[in-house]
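*Asks:* Mind having a look at this structure? Questions to follow.
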Amino acid sequence: MDQDKLQGVRHSCAHLLAAAVKQLYPGAQNAIGPAVENGFYQDFDTLDYKITEADFPKIEEKMREILAGWQAFVIREVTPEQARKDFADNPYKLQLIEDFAGQGKTITENNPGNFLDLCKGGHSDNPREELKHFKLLSVAGAYWRGDEKNRMLTRIYGTAFASAVELENYLTMLEEAKKRDHRKIGKELDLFTFSDLVGPGLALWTPRGTLLRDTLDDFVWELRKARGYERVTIPHITSRALYETSGHWQKFSNDLFHITTREGHEFAMKPMNCPHHTQIYAHLPRSYRDLPQRYAETTMCYRDEQTGELHGLSRVRAFTQDDAHVFCRRNQVRDEFLRIWEIIDIFYAAVGFGDLAVRLSLHDPDNMDKYLGSPELWAEAEENIRSIAVGKGVKFFEAKGEAAFYGPKVDFMAKDSIGRVWQVATIQLDINLPERFDLSCVNEQGEKERIVMVHAAIMGSIERFLSILIEHHAGAFPLWLAPTQIQLVPVSVKHLESTKELAAELASGGVRVAVDTADETVGNKVRKAVQQKIPYIVVVGDKELSGEPWTIRVRGQEEQIKLTKEEFLEKVKEEIAGKK
RNA sequence: GCCUCCUUGGUUCAGUGGCAGAACGACGGUAUCGUAAACCGUAAGCGCCAGUUCGAUUCUGGCAGGGGGCUCCA
């Protein structure tokens with residue numbers, strides 16, 4: 001079955017679900033019910049009925065019963081008057097009818113036998129056969145028309161496939177994905193934790209997790225340093241005046257953590273770093289010869305997210321940005337973009353991602369009040385980055401309304417274990433903050449020239465990046481990132497002291513080594529190390545200590561390898577240096 | 001913030017309107033062992049606050065925290 005046809009099947013299932021719910025819950029009204037990436041959903045106003053997942057078997061049974069009476073979908077075009085009559089008791093359909101009529105769209109109804117619905121079409125041709133393999137998955141709330149001022153409807157999610165096997169495979173995949181959830185693995189590998197006393201959305205990083213963060217951040221810094229970046233440091237709070245100048249105060253006041261001093265002065269925790277960085281640029285008169293100025297800083301930002309928006313490490317209230325700002329002339333933008341893009345390419349290859357989606361995030365011309373600056377300025381900036389992306393020769397897609405309020409962006413998107421898409425890296429062209437902060441340089445003619453800013457984050461939020469990285473590798477990090485790279489397992493307590501000495505020797509070669517000091521059987525110690533997904537495990541006993549070749553257990557492979565201590569250490573060091 | 005579900009030792013899970021259970025982990029002991037779980041023992045828990053009840057971990061409500069969505073996301 002091709003993708004279009006499958007979409008038709010899923011959308012038809014949404015109708016089927018609507019028919020079943022309307023029979024089981026008299027008076028319930030269905031709103032919209034589209035096919036989505038891995039299935040479908042259908043929204044309902046269920047009045048006073050409360051539908052929960054416990055009701056799914058009953059609803060699914062009713063769906064099968066109704067399906068038995070279905071033929072092919074019959075589609076007919078109707079006048080608005082007719083449609084209003086047919087859906088007189090459904091306020092949601094009536095609103096849709098008015099919209100369609102107002103836009104001069106034709107209105108169509110369909111009926112597969114015993115259920116009339118308002119719909120534009122795109123259905124299964126043979127519902128009785130093709131809709132068999134469906135399953136309801138979850139129930140959720142969703143605002144009518146996606147607007148939080150509207151009534152909240154009950155949304156039922158389901159999925160459908162062309163065959164029972166494909167459905168089963170999909171459900172199995174969802175189960176497997178749960179095992180890779182970063183919140184679960186973060187606990188198992190002891191990488192981070194949350195505390196009710198500290199508060200929601202505030203992750204605490206353990207020594208192992210911090211090692212992982214620092215290793216990643218060191219790598220980003222290494223790549224940046226080689227490309228002319230310099231480190232800067234700023235405080236985590238600021239006077240409100242800074243954000244009034246930048247425009248953040250008016251635009252994002254609700255998302256700021258506010259601080260009022262005992263004298264009544266207003267401050268805020270920083271939700272981003274750009275305004276602070278502009279003040280480092282602005283504290284000296286700059287010659288065109290000094291440009292670009294490239295500032296980098298890995299630092300925490302704070303945003304007052306609503307509790308319902310928090311999600312593991314993906315969405316938190318305090319997160320670490322590997323942020324950089326380039327202050328340059330217009331004609332330097334392309335080179336700076338490509339320089340950053342190169343870092344992103346190298347970095348994501350080393351962490352095991354070869355397939356980031358690239359999104360050109362543009363402004364929404366119908367919503368100019370969301371943005372700073374004139375339409376002309378935006379058009380020019382967007383054309384500029386579009387041509388850079390085209391020149392780079394990669395696949396990208398464009399998204400209206402996804403720009404930052406100060407300029408268009410190139411965003412890099414990765415998927416988590418169940419396919420949710422998150423933004424990670426970003427390169428942004430900013431034509432507005434330099435205006436607001438009056439950032440300039442003196443050009444060849446001795447005139448004051450307005451500059452532009454490029455914002456760049458490689459991991460974006462380290463917290464969010466790690467959530468993706470953990471799920472991508474299911475906790476089995478590449479050797480260079482693994483908090484423990486080699487686990488030494490002494491055969492018995494007799495060997496403990498010499499094993500510790502050995503560990504110190506390996507560690508002095510720049511390798512992260514741990515010794516299992518527990519007075520346990522070898523089998524148990526090996527098992528623990530395997531569960532911790534440690535890349536190399538070596539049992540140390542009389543043989544190893546006497547200089548015989550070592551038998552090394554390599555993560556993810558059946559057969560063990562035999563190498564002398566020197567050969568092994570050399571191999572490990574090479575792999576770490578090569579970011580393997 | 002909104003809809004909905006959930007909350008039992010450190011972790012994963014049983015269970016009950018009348019003394020709360022297991023496994024792993026931790027701790028103590030015995031064994032000193034060669035590649036995915038040695039054996040014995042000890043400590044440790046019903047998220048918080050109200051209500052109903054003779055009695056609430058269990059029922060009801062509120063709060064907090066968490067899950068799935070929605071809205072938002074510089």
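In the structure tokens, chains take letters A, B, ... by order of appearance, with residues numbered from 1 within each chain and ligands from 1 in the order shown.
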Can you check which parts of chain A lie within 6 Å of chain B? Per residue, the shortest pair of atoms and distance in Å to one decimal, counting only C-alpha atoms (C1' of nucleotides), sorted by chain and number, as a Markdown table.

*Replies:*
```
| residue | atom | partner | partner_atom | distance |
| --- | --- | --- | --- | --- |
| A:Ala140 | CA | B:G69 | C1' | 4.6 |
| A:Gly141 | CA | B:C3 | C1' | 3.9 |
| A:Ala142 | CA | B:C70 | C1' | 4.2 |
| A:Tyr143 | CA | B:C70 | C1' | 5.9 |
| A:Glu148 | CA | B:U71 | C1' | 5.5 |
| A:Ser492 | CA | B:U32 | C1' | 5.5 |
| A:Thr521 | CA | B:C33 | C1' | 5.8 |
| A:Gly523 | CA | B:U35 | C1' | 6.0 |
| A:Asn524 | CA | B:A37 | C1' | 5.6 |
| A:Arg527 | CA | B:A36 | C1' | 4.2 |
```

*Asks:* With a distance cut-off of 10 Å and only C-alpha atoms (C1' of nucleotides), select the neighbouring residues of G10 (chain B), excluding the residue or stretch itself and same-chain residues fewer than 2 positions from it, and output the selection as a ChimeraX atom specification.

*Replies:* /B:25-26,44

*Asks:* With only C-alpha atoms (C1' of nucleotides) as the counted atoms, please give the residues lying no more than 8 Å from Ala68 (chain A), apart from itself and same-chain residues fewer than 3 positions off, as a PyMOL selection string.

*Replies:* chain A and resi 64-65+128

*Asks:* Please produce a file of the residues just selected, as a compact mmCIF listing (two decimals), in the first residue's frame, where the atoms kept are N, CA and C atoms.

*Replies:*
```txt
# COMPACT_ATOMS: atom_id res chain seq x y z
N ARG A 64 -15.65 -2.02 14.90
CA ARG A 64 -15.67 -3.21 14.04
C ARG A 64 -17.09 -3.55 13.62
N GLU A 65 -18.00 -3.35 14.56
CA GLU A 65 -19.40 -3.63 14.28
C GLU A 65 -19.92 -2.71 13.16
N ARG A 128 -14.25 -1.87 4.15
CA ARG A 128 -14.53 -3.07 4.93
C ARG A 128 -13.29 -3.97 5.02
```

*Asks:* Can you tell me, as number ranges by chain, which residues in region 156-292 of chain A count as strand (DSSP E or B) by DSSP?

*Replies:* A: 156-160, 192-193, 204-205, 230-231, 237-239, 258-260, 266-269, 287

*Asks:* Which polymer residues have any atom within 12 Å of an atom of G17 (chain B), counting only C-alpha atoms (C1' of nucleotides), with same-chain residues fewer than 5 positions away left out, as a list in words?

*Replies:*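 Final neighbour list, sorted by chain and number: U52, U53, C54, G55, A56, U57, U58 and C59 of chain B.
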
*Asks:* For region 565-575 of chain A, list every protein, DNA or RNA residue within 9 Å, evaluated using only C-alpha atoms (C1' of nucleotides), and leave out those in the same chain fewer than 6 positions away; present the list as a PyMOL selection string.

*Replies:* chain A and resi 479-480+485+506+509-511+544+547-550+552
